[in-house]
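Peer 1: Can you read through this structure? Questions will come right after.
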Amino acid sequence: MMVIIGLEVHCQLDTKTKLFCGCSTDYRDDGPNTHVCPVCLGLPGTLPVVNSRAVEYALRVAKALNCEVPEESEFARKNYFYPDLPKGFQITQYDKPLALKGYLDIEGDDGVEKRIRITRVHMEEDPGRLVHVGGADRPRYSLVDYNRSGVPLIEIVTEPDLRSPKEARRLLNGLRATLEYLGVFDGDKEGSLRVDANISIEGHERAEVKNISSYKGVEKALTFEITRQKSLIRRGQRIERETRHFQEARGVTTSARSKEQEHDYRYFREPDLRPLRVRPWADAIVLPELPAARRARCMEQYGISLAHARTLVGELRIADFFEEVASVDPVLAATWVADTLLGELNYRDMGIGTVPSDRFAELLALLKQGAITDKAGVEVLRTMLDQCKEGCAVDRAVDIVSRNNLGKTSGSAFEGAVREVVAENPQAVKDYMNGKGEAFNYLIGQVMRKTRGKADPNELRALLAQTLGESGGVTKPCT
Ligand SMILES: [Zn+2]
């Protein structure tokens, strides 16, 4: 059963002021209704003035997504009443959006590059925010905060070209990377991205899941929907065309009772704003290096693998960090950033922004010189990250090594440990002598445990093989 997914992605543009007034968009740490004026409160008699920076940002996105930009673009009114929308309509775009017919390439589920078509990109204003006191399910009462009202959004609509929740996640990651490279979006800001997903099984009706507000949430909501729809089909039931809500905490989608959600928005051209001449504007924009180009350059310049390049350029801050430390040894740096550092950061729920690249480069240098083992390197890294997390100054890598006695000791110093392990594990030694290769690995594991990872594994292997060879004369049964 083929899965068909299309997304509508809303991203807040990272401008200093709102789309139609001069109120600051930096509201997240401030009290409710402190970033408001008559325009974004929708008071009668006020007039909107377009923030040209917001249009510029949206056009950068349109261009980066390979869209066609028409000569003129218009704002329109979408009429509906809701407490978070004080004007009684939202200023958005309808039949003359900023951009049409673009695409973004992502890695498909088969590992091959895949083109996802972009239907359109348009601008609109964010509504305010409702705070339900006593929980969203059964609030005692609701408060409204207009700080968010009028923050510029772009909506990016894709064609139904996605075939799995993982592809949807990769498209979102790709969009996030593109927008961050363009300097128009900050994906770390709470609520800066919201997604509506259309999902169906080929030959059946589709459901729309509204207002998913995290990257992980999109993958979870889609996975749940696919299971739900497939099981209905298997039982011979019909899939209703409906709007559903994703309950993030429970990981399920629930019906929003389709009929009540059907709106007639009575769109018409916004009479208070003139059409925008956008094509010449877009033509004049020079784009920076985008993720796909940076990936190709990093592979070429540093000789790193496609998998590493994909991971490293997938986020602007990670790509910058990698290039800051790449001079030590690009391939070693790629491995340690992509395979080790990101995992450790993820585990601690930290961003890469807090990690000092000069300290990390010192660690790479020690690894390159062979002064410490990989295992000791991980220990040093963990100490550094703990210091970052606590907000302390991060010690130099060599100081962490000497303080914790993590320096590599040459194999001969571990001869005692190897001899002990051989003496303590006669059965494994016997198995090895009888040609069971896995017994050797077992013995190495025992030696590693005894030496707490301070020895170089290759040296240990040689030492163990040598020791077993010597003892072989004694224990090897005569044939
Ligand atoms: Zn305002």
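Residues are named by chain letter and number: chains run A, B, ... in the order of the structure tokens, numbers start at 1 in each chain, and ligands are numbered from 1 in the order shown.
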With only C-alpha atoms as the counted atoms, please give the residues lying no more than 6 Å from segment 217-234 of chain A, apart from itself and same-chain residues fewer than 3 positions off, as a list in words.
Peer 2: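 The contact residues come out as Pro165, Ser214 and Gln237 of chain A.
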Peer 1: Tell me which protein, DNA and RNA residues are within 8 Å of His132 of chain A, counting only C-alpha atoms, leaving out same-chain ones fewer than 4 positions away, and put them as a list of chain:residue names.
Peer 2: A:Ala136, A:Pro139, A:Arg140, A:Tyr141, A:Ser142, A:Leu143
Peer 1: Keeping all heavy atoms for every residue in the selection just given, could you write it to a file as a compact mmCIF listing (two decimals), in the first residue's frame?
Peer 2:
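What landed in again_21.txt:
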```
# COMPACT_ATOMS: atom_id res chain seq x y z
N ALA A 136 -5.10 21.73 27.68
CA ALA A 136 -5.73 21.97 26.39
C ALA A 136 -7.04 21.19 26.23
O ALA A 136 -7.94 21.60 25.52
CB ALA A 136 -4.76 21.61 25.27
N PRO A 139 -9.87 23.10 29.37
CA PRO A 139 -9.37 24.29 30.08
C PRO A 139 -10.46 24.90 30.95
O PRO A 139 -11.65 24.83 30.63
CB PRO A 139 -8.98 25.23 28.94
CG PRO A 139 -9.77 24.77 27.77
CD PRO A 139 -10.02 23.31 27.93
N ARG A 140 -10.03 25.50 32.07
CA ARG A 140 -10.98 26.23 32.91
C ARG A 140 -11.31 27.55 32.23
O ARG A 140 -12.44 28.00 32.22
CB ARG A 140 -10.39 26.46 34.30
CG ARG A 140 -10.47 25.20 35.17
CD ARG A 140 -10.05 25.47 36.60
NE ARG A 140 -8.62 25.71 36.66
CZ ARG A 140 -8.07 26.77 37.23
NH1 ARG A 140 -8.82 27.71 37.76
NH2 ARG A 140 -6.76 26.91 37.26
N TYR A 141 -10.29 28.20 31.68
CA TYR A 141 -10.50 29.39 30.87
C TYR A 141 -9.29 29.57 29.97
O TYR A 141 -8.27 28.91 30.15
CB TYR A 141 -10.73 30.64 31.74
CG TYR A 141 -9.63 30.92 32.72
CD1 TYR A 141 -8.56 31.75 32.37
CD2 TYR A 141 -9.65 30.35 33.99
CE1 TYR A 141 -7.55 32.00 33.28
CE2 TYR A 141 -8.63 30.60 34.91
CZ TYR A 141 -7.58 31.43 34.54
OH TYR A 141 -6.58 31.68 35.42
N SER A 142 -9.39 30.46 28.97
CA SER A 142 -8.29 30.66 28.04
C SER A 142 -7.87 32.13 28.03
O SER A 142 -8.71 33.02 28.17
CB SER A 142 -8.71 30.24 26.63
OG SER A 142 -9.00 28.86 26.61
N LEU A 143 -6.56 32.33 27.91
CA LEU A 143 -6.00 33.68 27.84
C LEU A 143 -5.46 33.90 26.44
O LEU A 143 -5.07 32.95 25.78
CB LEU A 143 -4.87 33.81 28.86
CG LEU A 143 -5.26 33.61 30.33
CD1 LEU A 143 -4.02 33.41 31.18
CD2 LEU A 143 -6.06 34.82 30.81
```
Peer 1: Would you give me, as CSV, each residue of chain A having an atom within 8 Å of an atom of ligand 1, along with its shortest atom pair and that distance in Å to one decimal, using only C-alpha atoms and all ligand atoms and sorting by chain and residue number?
Peer 2:
```
residue,atom,partner,partner_atom_place_in_ligand_line,distance
A:Lys18,CA,ligand 1,1 (Zn),6.8
A:Phe20,CA,ligand 1,1 (Zn),7.3
A:Cys21,CA,ligand 1,1 (Zn),4.7
A:Gly22,CA,ligand 1,1 (Zn),5.8
A:Cys23,CA,ligand 1,1 (Zn),4.3
A:Ser24,CA,ligand 1,1 (Zn),7.8
A:His35,CA,ligand 1,1 (Zn),6.7
A:Val36,CA,ligand 1,1 (Zn),4.4
A:Cys37,CA,ligand 1,1 (Zn),3.9
A:Pro38,CA,ligand 1,1 (Zn),6.3
A:Val39,CA,ligand 1,1 (Zn),5.1
A:Cys40,CA,ligand 1,1 (Zn),4.1
A:Leu41,CA,ligand 1,1 (Zn),6.8
A:Ser149,CA,ligand 1,1 (Zn),7.8
A:Gly150,CA,ligand 1,1 (Zn),7.0
```
Peer 1: Can you list, as a ChimeraX atom specification, all residues belonging to segment 274-476 of chain A that DSSP tags as alpha helix (DSSP H)?
Peer 2: /A:279-284,291-302,306-313,316-325,330-335,342-348,357-369,374-390,397-403,415-424,426-433,437-451,457-475
Peer 1: Hey, can you spit out that residue selection with C-alpha atoms as a compact mmCIF listing (two decimals), in the first residue's frame?
Peer 2:
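Below is the file that was written, out15.txt:
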```txt
# COMPACT_ATOMS: atom_id res chain seq x y z
CA ARG A 279 10.39 39.55 -10.00
CA PRO A 280 13.00 42.32 -10.37
CA TRP A 281 13.51 42.17 -6.62
CA ALA A 282 14.13 38.42 -6.72
CA ASP A 283 16.43 38.77 -9.73
CA ALA A 284 18.67 41.14 -7.77
CA PRO A 291 23.59 23.00 1.73
CA ALA A 292 23.83 20.95 -1.49
CA ALA A 293 26.71 23.07 -2.79
CA ARG A 294 28.48 22.99 0.55
CA ARG A 295 28.12 19.21 0.72
CA ALA A 296 29.74 18.82 -2.70
CA ARG A 297 32.52 21.26 -1.78
CA CYS A 298 33.25 19.53 1.55
CA MET A 299 33.52 16.13 -0.14
CA GLU A 300 35.84 17.58 -2.76
CA GLN A 301 37.93 19.78 -0.46
CA TYR A 302 38.26 17.44 2.53
CA LEU A 306 28.87 11.28 1.37
CA ALA A 307 27.27 10.06 4.61
CA HIS A 308 29.51 12.29 6.73
CA ALA A 309 29.03 15.24 4.38
CA ARG A 310 25.25 14.87 4.56
CA THR A 311 25.31 14.87 8.35
CA LEU A 312 27.78 17.72 8.68
CA VAL A 313 26.20 20.21 6.28
CA LEU A 316 24.61 25.43 9.54
CA ARG A 317 26.22 25.51 13.00
CA ILE A 318 27.54 21.96 12.65
CA ALA A 319 28.94 22.69 9.19
CA ASP A 320 30.70 25.81 10.50
CA PHE A 321 32.05 23.90 13.50
CA PHE A 322 33.39 21.11 11.28
CA GLU A 323 35.17 23.55 9.00
CA GLU A 324 36.71 25.27 12.03
CA VAL A 325 38.31 22.02 13.23
CA PRO A 330 39.58 16.49 7.86
CA VAL A 331 38.63 12.81 7.83
CA LEU A 332 39.36 12.36 11.54
CA ALA A 333 37.42 15.57 12.25
CA ALA A 334 34.44 14.40 10.17
CA THR A 335 34.33 11.08 12.01
CA LEU A 342 26.66 14.77 17.70
CA GLY A 343 25.63 11.61 19.55
CA GLU A 344 27.02 12.92 22.84
CA LEU A 345 25.29 16.29 22.30
CA ASN A 346 22.02 14.60 21.48
CA TYR A 347 22.26 12.46 24.61
CA ARG A 348 22.75 15.59 26.73
CA SER A 357 35.94 24.53 18.63
CA ASP A 358 39.53 25.29 19.72
CA ARG A 359 39.28 22.80 22.61
CA PHE A 360 37.75 20.20 20.31
CA ALA A 361 40.57 20.76 17.82
CA GLU A 362 43.11 20.08 20.62
CA LEU A 363 41.38 16.77 21.31
CA LEU A 364 41.57 15.88 17.61
CA ALA A 365 45.28 16.73 17.61
CA LEU A 366 45.91 14.32 20.52
CA LEU A 367 44.03 11.58 18.68
CA LYS A 368 45.93 12.26 15.49
CA GLN A 369 49.29 12.08 17.30
CA ASP A 374 39.69 6.50 20.89
CA LYS A 375 38.13 5.37 24.14
CA ALA A 376 40.14 7.88 26.16
CA GLY A 377 39.18 10.51 23.54
CA VAL A 378 35.51 9.89 24.30
CA GLU A 379 36.26 10.33 28.02
CA VAL A 380 37.97 13.67 27.34
CA LEU A 381 35.05 14.77 25.17
CA ARG A 382 32.52 13.86 27.85
CA THR A 383 34.45 15.86 30.43
CA MET A 384 34.48 18.83 28.05
CA LEU A 385 30.73 18.59 27.40
CA ASP A 386 29.97 18.34 31.12
CA GLN A 387 31.97 21.53 31.61
CA CYS A 388 30.07 23.22 28.74
CA LYS A 389 26.76 22.15 30.19
CA GLU A 390 27.62 23.56 33.61
CA ALA A 397 42.41 18.56 26.28
CA VAL A 398 45.95 17.75 27.49
CA ASP A 399 45.06 18.87 31.02
CA ILE A 400 42.00 16.61 31.09
CA VAL A 401 44.16 13.73 29.84
CA SER A 402 46.87 14.18 32.48
CA ARG A 403 44.44 14.88 35.33
CA GLU A 415 51.63 -7.64 29.72
CA GLY A 416 50.66 -8.45 33.30
CA ALA A 417 46.97 -7.90 32.52
CA VAL A 418 47.18 -10.08 29.41
CA ARG A 419 48.87 -12.89 31.35
CA GLU A 420 46.23 -12.66 34.08
CA VAL A 421 43.40 -12.91 31.57
CA VAL A 422 45.00 -15.91 29.88
CA ALA A 423 45.40 -17.59 33.28
CA GLU A 424 41.84 -16.78 34.38
CA PRO A 426 41.42 -21.49 30.43
CA GLN A 427 38.25 -22.48 28.54
CA ALA A 428 38.43 -19.48 26.18
CA VAL A 429 42.13 -20.13 25.61
CA LYS A 430 41.33 -23.75 24.79
CA ASP A 431 38.58 -22.65 22.39
CA TYR A 432 41.02 -20.31 20.68
CA MET A 433 43.56 -23.09 20.32
CA GLY A 437 38.14 -17.03 16.43
CA GLU A 438 35.47 -15.45 18.60
CA ALA A 439 37.29 -16.66 21.72
CA PHE A 440 40.09 -14.25 20.83
CA ASN A 441 37.68 -11.34 20.79
CA TYR A 442 36.28 -12.44 24.11
CA LEU A 443 39.78 -12.45 25.62
CA ILE A 444 40.54 -9.01 24.15
CA GLY A 445 37.33 -7.76 25.75
CA GLN A 446 38.50 -9.07 29.13
CA VAL A 447 41.89 -7.39 28.75
CA MET A 448 40.22 -4.10 27.74
CA ARG A 449 38.10 -4.27 30.87
CA LYS A 450 41.12 -4.84 33.06
CA THR A 451 43.06 -2.00 31.43
CA PRO A 457 43.49 -2.09 21.00
CA ASN A 458 45.83 -3.00 18.14
CA GLU A 459 48.79 -3.23 20.49
CA LEU A 460 46.73 -5.37 22.85
CA ARG A 461 45.78 -7.71 20.04
CA ALA A 462 49.41 -8.21 19.13
CA LEU A 463 50.34 -8.75 22.75
CA LEU A 464 47.57 -11.27 23.33
CA ALA A 465 48.38 -13.18 20.16
CA GLN A 466 52.01 -13.32 21.25
CA THR A 467 51.13 -14.49 24.77
CA LEU A 468 48.75 -17.15 23.45
CA GLY A 469 51.43 -18.30 21.04
CA GLU A 470 53.85 -18.79 23.91
CA SER A 471 51.36 -20.60 26.11
CA GLY A 472 50.21 -22.58 23.09
CA GLY A 473 53.27 -24.83 23.43
CA VAL A 474 52.10 -25.80 26.88
CA THR A 475 48.33 -26.16 26.50
```
Peer 1: Which of segment 207-393 of chain A counts as strand (DSSP E) under DSSP, as an NGL selection string please?
Peer 2: :A and (207-212 or 242-247 or 252-255 or 268-269 or 276-277)
Peer 1: Selected residues, C-alpha atoms, written as a short mmCIF file (atom, residue, chain, number, x, y, z; two decimals), in the first residue's frame, please.
Peer 2:
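After the write, result_31.cif holds the following:
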```
data_model
loop_
_atom_site.label_atom_id
_atom_site.label_comp_id
_atom_site.auth_asym_id
_atom_site.auth_seq_id
_atom_site.Cartn_x
_atom_site.Cartn_y
_atom_site.Cartn_z
CA ALA A 207 -6.63 13.06 6.27
CA GLU A 208 -5.05 16.35 7.20
CA VAL A 209 -3.12 16.46 10.47
CA LYS A 210 -2.95 20.03 11.73
CA ASN A 211 -0.46 22.05 13.69
CA ILE A 212 2.38 19.68 14.43
CA GLU A 242 -11.18 14.87 7.71
CA THR A 243 -8.99 17.16 9.74
CA ARG A 244 -7.19 15.58 12.67
CA HIS A 245 -5.14 16.96 15.54
CA PHE A 246 -1.88 15.49 16.74
CA GLN A 247 -1.74 14.96 20.51
CA VAL A 252 -1.84 9.90 18.54
CA THR A 253 -4.03 11.87 16.12
CA THR A 254 -7.68 12.51 16.93
CA SER A 255 -10.56 13.58 14.72
CA PHE A 268 -10.42 38.77 -1.55
CA ARG A 269 -7.53 41.08 -2.40
CA LEU A 276 4.33 43.95 -4.87
CA ARG A 277 6.59 43.93 -7.93
#
```
Peer 1: What lies within 7 Å of Ile154 of chain A using only C-alpha atoms, ignoring chain neighbours under 2 positions off, as a list in words?
Peer 2: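 Residues meeting the cut-off are His10, Cys11, Gln12, Leu13, Ala58, Val121, His122, Met123, Glu124, Pro152 and Ile156 of chain A.
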Peer 1: Give me, please, the distance in Å between atom CA of Arg241 of chain A and atom CA of Gly174 of chain A, quoted to one decimal.
Peer 2: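 Atom CA of Gly174 of chain A lies 29.1 Å from atom CA of Arg241 of chain A.
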Peer 1: What is the distance between atom CA of Leu193 of chain A and atom CA of Ser213 of chain A, in Å to one decimal?
Peer 2: 6.1 Å
Peer 1: Name the residues in contact with Tyr267 of chain A at a cut-off of 10 Å, using only C-alpha atoms, excluding same-chain residues fewer than 4 positions from it; report them as a PDB file with C-alpha atoms, in the first residue's frame.
Peer 2:
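around-v4.pdb, written as the output of this step:
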```
ATOM      1  CA  ALA A  76      -5.355  38.732   0.336  1.00  0.00           C
ATOM      2  CA  ARG A  77      -7.745  38.589   3.263  1.00  0.00           C
ATOM      3  CA  LYS A  78      -8.713  35.234   4.694  1.00  0.00           C
ATOM      4  CA  ASN A  79     -11.865  35.883   6.682  1.00  0.00           C
ATOM      5  CA  TYR A  80     -12.670  33.958   9.829  1.00  0.00           C
ATOM      6  CA  PHE A  89      -9.288  38.212   9.017  1.00  0.00           C
ATOM      7  CA  GLN A  90      -5.715  37.123   8.403  1.00  0.00           C
ATOM      8  CA  ILE A  91      -3.585  38.914   5.823  1.00  0.00           C
ATOM      9  CA  THR A  92      -2.146  36.143   3.670  1.00  0.00           C
ATOM     10  CA  GLN A  93      -1.740  35.377  -0.032  1.00  0.00           C
ATOM     11  CA  TYR A  94      -4.197  33.511  -2.201  1.00  0.00           C
ATOM     12  CA  ASP A  95      -4.203  33.438  -5.992  1.00  0.00           C
TER      13      ASP A  95
END
```
Peer 1: Skipping near chain neighbours, those fewer than 2 positions away, what residues fall within 12 Å of Ile106 of chain A using only C-alpha atoms, listed as a PyMOL selection string?
Peer 2: chain A and resi 103-104+108-117+161-162+166-175+177-178+291-292+310+314
